[in-house]
file data_10.pdb (PDB, C-alpha atoms, pLDDT in the B column)
ATOM      1  CA  MET B   1       4.788  21.227  17.071  1.00 95.00           C
ATOM      2  CA  ARG B   2       2.405  24.178  17.165  1.00 97.00           C
ATOM      3  CA  LEU B   3       0.683  22.856  14.016  1.00 97.00           C
ATOM      4  CA  ALA B   4       0.226  19.418  15.588  1.00 97.00           C
ATOM      5  CA  LEU B   5      -1.244  20.973  18.728  1.00 98.00           C
ATOM      6  CA  ASP B   6      -3.596  23.100  16.626  1.00 98.00           C
ATOM      7  CA  GLN B   7      -4.733  19.953  14.831  1.00 98.00           C
ATOM      8  CA  ALA B   8      -5.288  18.239  18.189  1.00 98.00           C
ATOM      9  CA  GLY B   9      -7.512  21.157  19.186  1.00 97.00           C
ATOM     10  CA  GLN B  10      -9.614  20.601  16.082  1.00 97.00           C
ATOM     11  CA  ALA B  11     -10.060  16.971  17.095  1.00 97.00           C
ATOM     12  CA  VAL B  12     -11.358  18.014  20.512  1.00 97.00           C
ATOM     13  CA  ARG B  13     -13.871  20.406  18.960  1.00 95.00           C
ATOM     14  CA  GLY B  14     -15.161  17.447  16.920  1.00 91.00           C
ATOM     15  CA  GLY B  15     -15.533  15.278  20.034  1.00 95.00           C
ATOM     16  CA  ASP B  16     -12.447  13.175  19.353  1.00 97.00           C
ATOM     17  CA  VAL B  17      -9.279  12.267  21.241  1.00 96.00           C
ATOM     18  CA  PRO B  18      -6.876  15.231  21.015  1.00 98.00           C
ATOM     19  CA  VAL B  19      -4.273  13.943  18.581  1.00 98.00           C
ATOM     20  CA  GLY B  20      -2.851  15.898  15.663  1.00 98.00           C
ATOM     21  CA  ALA B  21      -0.264  14.947  13.081  1.00 98.00           C
ATOM     22  CA  VAL B  22       1.993  16.905  10.751  1.00 98.00           C
ATOM     23  CA  VAL B  23       3.999  15.426   7.875  1.00 98.00           C
ATOM     24  CA  LEU B  24       7.114  17.367   6.910  1.00 98.00           C
ATOM     25  CA  SER B  25       9.454  17.150   3.945  1.00 98.00           C
ATOM     26  CA  PRO B  26      12.660  15.161   4.547  1.00 98.00           C
ATOM     27  CA  ASP B  27      14.597  18.353   5.232  1.00 97.00           C
ATOM     28  CA  GLY B  28      11.925  19.492   7.704  1.00 95.00           C
ATOM     29  CA  THR B  29      11.236  22.822   6.002  1.00 96.00           C
ATOM     30  CA  THR B  30       7.938  22.179   4.213  1.00 98.00           C
ATOM     31  CA  VAL B  31       4.608  21.025   5.652  1.00 98.00           C
ATOM     32  CA  LEU B  32       3.269  18.341   3.323  1.00 98.00           C
ATOM     33  CA  ALA B  33       0.089  17.392   5.197  1.00 98.00           C
ATOM     34  CA  THR B  34      -1.774  17.769   8.473  1.00 98.00           C
ATOM     35  CA  GLY B  35      -4.542  15.793  10.108  1.00 98.00           C
ATOM     36  CA  HIS B  36      -6.405  15.193  13.341  1.00 98.00           C
ATOM     37  CA  ASN B  37      -8.436  12.361  14.804  1.00 98.00           C
ATOM     38  CA  GLU B  38     -11.889  12.114  13.221  1.00 97.00           C
ATOM     39  CA  ARG B  39     -12.953   8.684  14.461  1.00 96.00           C
ATOM     40  CA  GLU B  40     -15.933   9.891  16.491  1.00 95.00           C
ATOM     41  CA  ALA B  41     -16.913  12.657  14.083  1.00 94.00           C
ATOM     42  CA  THR B  42     -17.014  10.349  11.059  1.00 95.00           C
ATOM     43  CA  GLY B  43     -17.740   6.991  12.673  1.00 96.00           C
ATOM     44  CA  ASP B  44     -14.682   5.612  10.879  1.00 97.00           C
ATOM     45  CA  PRO B  45     -12.465   3.557  13.212  1.00 96.00           C
ATOM     46  CA  THR B  46      -9.492   4.098  10.884  1.00 97.00           C
ATOM     47  CA  ALA B  47      -9.694   7.910  10.902  1.00 98.00           C
ATOM     48  CA  HIS B  48      -6.589   8.428  13.039  1.00 98.00           C
ATOM     49  CA  ALA B  49      -4.616  11.657  12.714  1.00 98.00           C
ATOM     50  CA  GLU B  50      -1.547   9.889  11.338  1.00 97.00           C
ATOM     51  CA  VAL B  51      -3.528   8.076   8.656  1.00 97.00           C
ATOM     52  CA  LEU B  52      -5.445  11.164   7.581  1.00 97.00           C
ATOM     53  CA  ALA B  53      -2.291  13.251   7.331  1.00 97.00           C
TER      54      ALA B  53
END

call {"tool": "encode", "arguments": {"input": "data_10.pdb", "output": "structure tokens"}}
result
Amino acid sequence: MRLALDQAGQAVRGGDVPVGAVVLSPDGTTVLATGHNEREATGDPTAHAEVLA
């Protein structure tokens, strides 16, 4: 959860809605990817945290 909140903070710094996402391995022990909203920063309406992760 801390990683997702850190990602959300990065979104805010970029002027976006504070949403972060973290993808874990099936057993929950390995972080596979992270992402944060970049819609405003990139002008891409599909740049949601979940998609980017």

call {"tool": "residues_near_point", "arguments": {"input": "data_10.pdb", "point": "(-4.0, 10.9, 5.7)", "cutoff": "8 Å", "atoms": "only C-alpha atoms", "output": "ChimeraX atom specification"}}
result
/B:33-35,49-53

call {"tool": "residues_around", "arguments": {"input": "data_10.pdb", "residues": "range 5-14 of chain B", "least_positions_apart": "2", "cutoff": "6 Å", "atoms": "only C-alpha atoms", "output": "list in words"}}
result
Arg2, Leu3, Asp16, Pro18, Val19, Gly20, His36, Asn37 and Ala41 of chain B

call {"tool": "atom_distance", "arguments": {"input": "data_10.pdb", "atom1": "CA of Thr46 in chain B", "atom2": "CA of Thr30 in chain B"}}
result
26.0 Å

call {"tool": "atom_distance", "arguments": {"input": "data_10.pdb", "atom1": "CA of Leu24 in chain B", "atom2": "CA of Ala4 in chain B"}}
result
11.3 Å

call {"tool": "atom_distance", "arguments": {"input": "data_10.pdb", "atom1": "CA of Leu32 in chain B", "atom2": "CA of Pro45 in chain B"}}
result
23.7 Å

call {"tool": "build_atoms", "arguments": {"input": "data_10.pdb", "residues": "range 10-37 of chain B", "atoms": "N, CA and C atoms", "output": "PDB file, in the coordinates of the input"}}
result
ATOM      1  N   GLN B  10      -8.501  20.827  17.008  1.00 97.00           N
ATOM      2  CA  GLN B  10      -9.614  20.601  16.082  1.00 97.00           C
ATOM      3  C   GLN B  10     -10.288  19.267  16.371  1.00 97.00           C
ATOM      4  N   ALA B  11      -9.497  18.275  16.745  1.00 97.00           N
ATOM      5  CA  ALA B  11     -10.060  16.971  17.095  1.00 97.00           C
ATOM      6  C   ALA B  11     -10.976  17.090  18.303  1.00 97.00           C
ATOM      7  N   VAL B  12     -10.549  17.836  19.306  1.00 97.00           N
ATOM      8  CA  VAL B  12     -11.358  18.014  20.512  1.00 97.00           C
ATOM      9  C   VAL B  12     -12.682  18.684  20.172  1.00 97.00           C
ATOM     10  N   ARG B  13     -12.639  19.706  19.344  1.00 95.00           N
ATOM     11  CA  ARG B  13     -13.871  20.406  18.960  1.00 95.00           C
ATOM     12  C   ARG B  13     -14.841  19.469  18.242  1.00 95.00           C
ATOM     13  N   GLY B  14     -14.318  18.422  17.596  1.00 91.00           N
ATOM     14  CA  GLY B  14     -15.161  17.447  16.920  1.00 91.00           C
ATOM     15  C   GLY B  14     -15.558  16.281  17.807  1.00 91.00           C
ATOM     16  N   GLY B  15     -15.181  16.332  19.105  1.00 95.00           N
ATOM     17  CA  GLY B  15     -15.533  15.278  20.034  1.00 95.00           C
ATOM     18  C   GLY B  15     -14.593  14.087  20.018  1.00 95.00           C
ATOM     19  N   ASP B  16     -13.410  14.266  19.468  1.00 97.00           N
ATOM     20  CA  ASP B  16     -12.447  13.175  19.353  1.00 97.00           C
ATOM     21  C   ASP B  16     -11.297  13.319  20.345  1.00 97.00           C
ATOM     22  N   VAL B  17     -10.493  12.265  20.427  1.00 96.00           N
ATOM     23  CA  VAL B  17      -9.279  12.267  21.241  1.00 96.00           C
ATOM     24  C   VAL B  17      -8.326  13.310  20.659  1.00 96.00           C
ATOM     25  N   PRO B  18      -7.710  14.133  21.514  1.00 98.00           N
ATOM     26  CA  PRO B  18      -6.876  15.231  21.015  1.00 98.00           C
ATOM     27  C   PRO B  18      -5.519  14.773  20.492  1.00 98.00           C
ATOM     28  N   VAL B  19      -5.522  14.322  19.243  1.00 98.00           N
ATOM     29  CA  VAL B  19      -4.273  13.943  18.581  1.00 98.00           C
ATOM     30  C   VAL B  19      -4.219  14.642  17.239  1.00 98.00           C
ATOM     31  N   GLY B  20      -3.083  15.268  16.949  1.00 98.00           N
ATOM     32  CA  GLY B  20      -2.851  15.898  15.663  1.00 98.00           C
ATOM     33  C   GLY B  20      -1.557  15.387  15.068  1.00 98.00           C
ATOM     34  N   ALA B  21      -1.467  15.417  13.756  1.00 98.00           N
ATOM     35  CA  ALA B  21      -0.264  14.947  13.081  1.00 98.00           C
ATOM     36  C   ALA B  21       0.135  15.930  11.993  1.00 98.00           C
ATOM     37  N   VAL B  22       1.444  16.048  11.797  1.00 98.00           N
ATOM     38  CA  VAL B  22       1.993  16.905  10.751  1.00 98.00           C
ATOM     39  C   VAL B  22       3.062  16.105  10.017  1.00 98.00           C
ATOM     40  N   VAL B  23       2.994  16.094   8.696  1.00 98.00           N
ATOM     41  CA  VAL B  23       3.999  15.426   7.875  1.00 98.00           C
ATOM     42  C   VAL B  23       4.868  16.506   7.236  1.00 98.00           C
ATOM     43  N   LEU B  24       6.171  16.397   7.450  1.00 98.00           N
ATOM     44  CA  LEU B  24       7.114  17.367   6.910  1.00 98.00           C
ATOM     45  C   LEU B  24       7.942  16.747   5.794  1.00 98.00           C
ATOM     46  N   SER B  25       8.509  17.600   4.963  1.00 98.00           N
ATOM     47  CA  SER B  25       9.454  17.150   3.945  1.00 98.00           C
ATOM     48  C   SER B  25      10.683  16.570   4.637  1.00 98.00           C
ATOM     49  N   PRO B  26      11.465  15.767   3.927  1.00 98.00           N
ATOM     50  CA  PRO B  26      12.660  15.161   4.547  1.00 98.00           C
ATOM     51  C   PRO B  26      13.617  16.168   5.188  1.00 98.00           C
ATOM     52  N   ASP B  27      13.693  17.360   4.630  1.00 97.00           N
ATOM     53  CA  ASP B  27      14.597  18.353   5.232  1.00 97.00           C
ATOM     54  C   ASP B  27      13.920  19.147   6.355  1.00 97.00           C
ATOM     55  N   GLY B  28      12.633  18.868   6.602  1.00 95.00           N
ATOM     56  CA  GLY B  28      11.925  19.492   7.704  1.00 95.00           C
ATOM     57  C   GLY B  28      11.501  20.927   7.484  1.00 95.00           C
ATOM     58  N   THR B  29      11.547  21.410   6.255  1.00 96.00           N
ATOM     59  CA  THR B  29      11.236  22.822   6.002  1.00 96.00           C
ATOM     60  C   THR B  29       9.857  23.059   5.400  1.00 96.00           C
ATOM     61  N   THR B  30       9.219  22.012   4.886  1.00 98.00           N
ATOM     62  CA  THR B  30       7.938  22.179   4.213  1.00 98.00           C
ATOM     63  C   THR B  30       6.888  21.258   4.832  1.00 98.00           C
ATOM     64  N   VAL B  31       5.723  21.833   5.160  1.00 98.00           N
ATOM     65  CA  VAL B  31       4.608  21.025   5.652  1.00 98.00           C
ATOM     66  C   VAL B  31       3.932  20.387   4.443  1.00 98.00           C
ATOM     67  N   LEU B  32       3.887  19.064   4.433  1.00 98.00           N
ATOM     68  CA  LEU B  32       3.269  18.341   3.323  1.00 98.00           C
ATOM     69  C   LEU B  32       1.805  18.018   3.593  1.00 98.00           C
ATOM     70  N   ALA B  33       1.472  17.746   4.855  1.00 98.00           N
ATOM     71  CA  ALA B  33       0.089  17.392   5.197  1.00 98.00           C
ATOM     72  C   ALA B  33      -0.124  17.553   6.693  1.00 98.00           C
ATOM     73  N   THR B  34      -1.388  17.741   7.064  1.00 98.00           N
ATOM     74  CA  THR B  34      -1.774  17.769   8.473  1.00 98.00           C
ATOM     75  C   THR B  34      -3.044  16.944   8.630  1.00 98.00           C
ATOM     76  N   GLY B  35      -3.315  16.530   9.842  1.00 98.00           N
ATOM     77  CA  GLY B  35      -4.542  15.793  10.108  1.00 98.00           C
ATOM     78  C   GLY B  35      -4.805  15.707  11.597  1.00 98.00           C
ATOM     79  N   HIS B  36      -6.028  15.386  11.944  1.00 98.00           N
ATOM     80  CA  HIS B  36      -6.405  15.193  13.341  1.00 98.00           C
ATOM     81  C   HIS B  36      -7.400  14.044  13.422  1.00 98.00           C
ATOM     82  N   ASN B  37      -7.512  13.467  14.621  1.00 98.00           N
ATOM     83  CA  ASN B  37      -8.436  12.361  14.804  1.00 98.00           C
ATOM     84  C   ASN B  37      -9.845  12.762  14.389  1.00 98.00           C
TER      85      ASN B  37
END
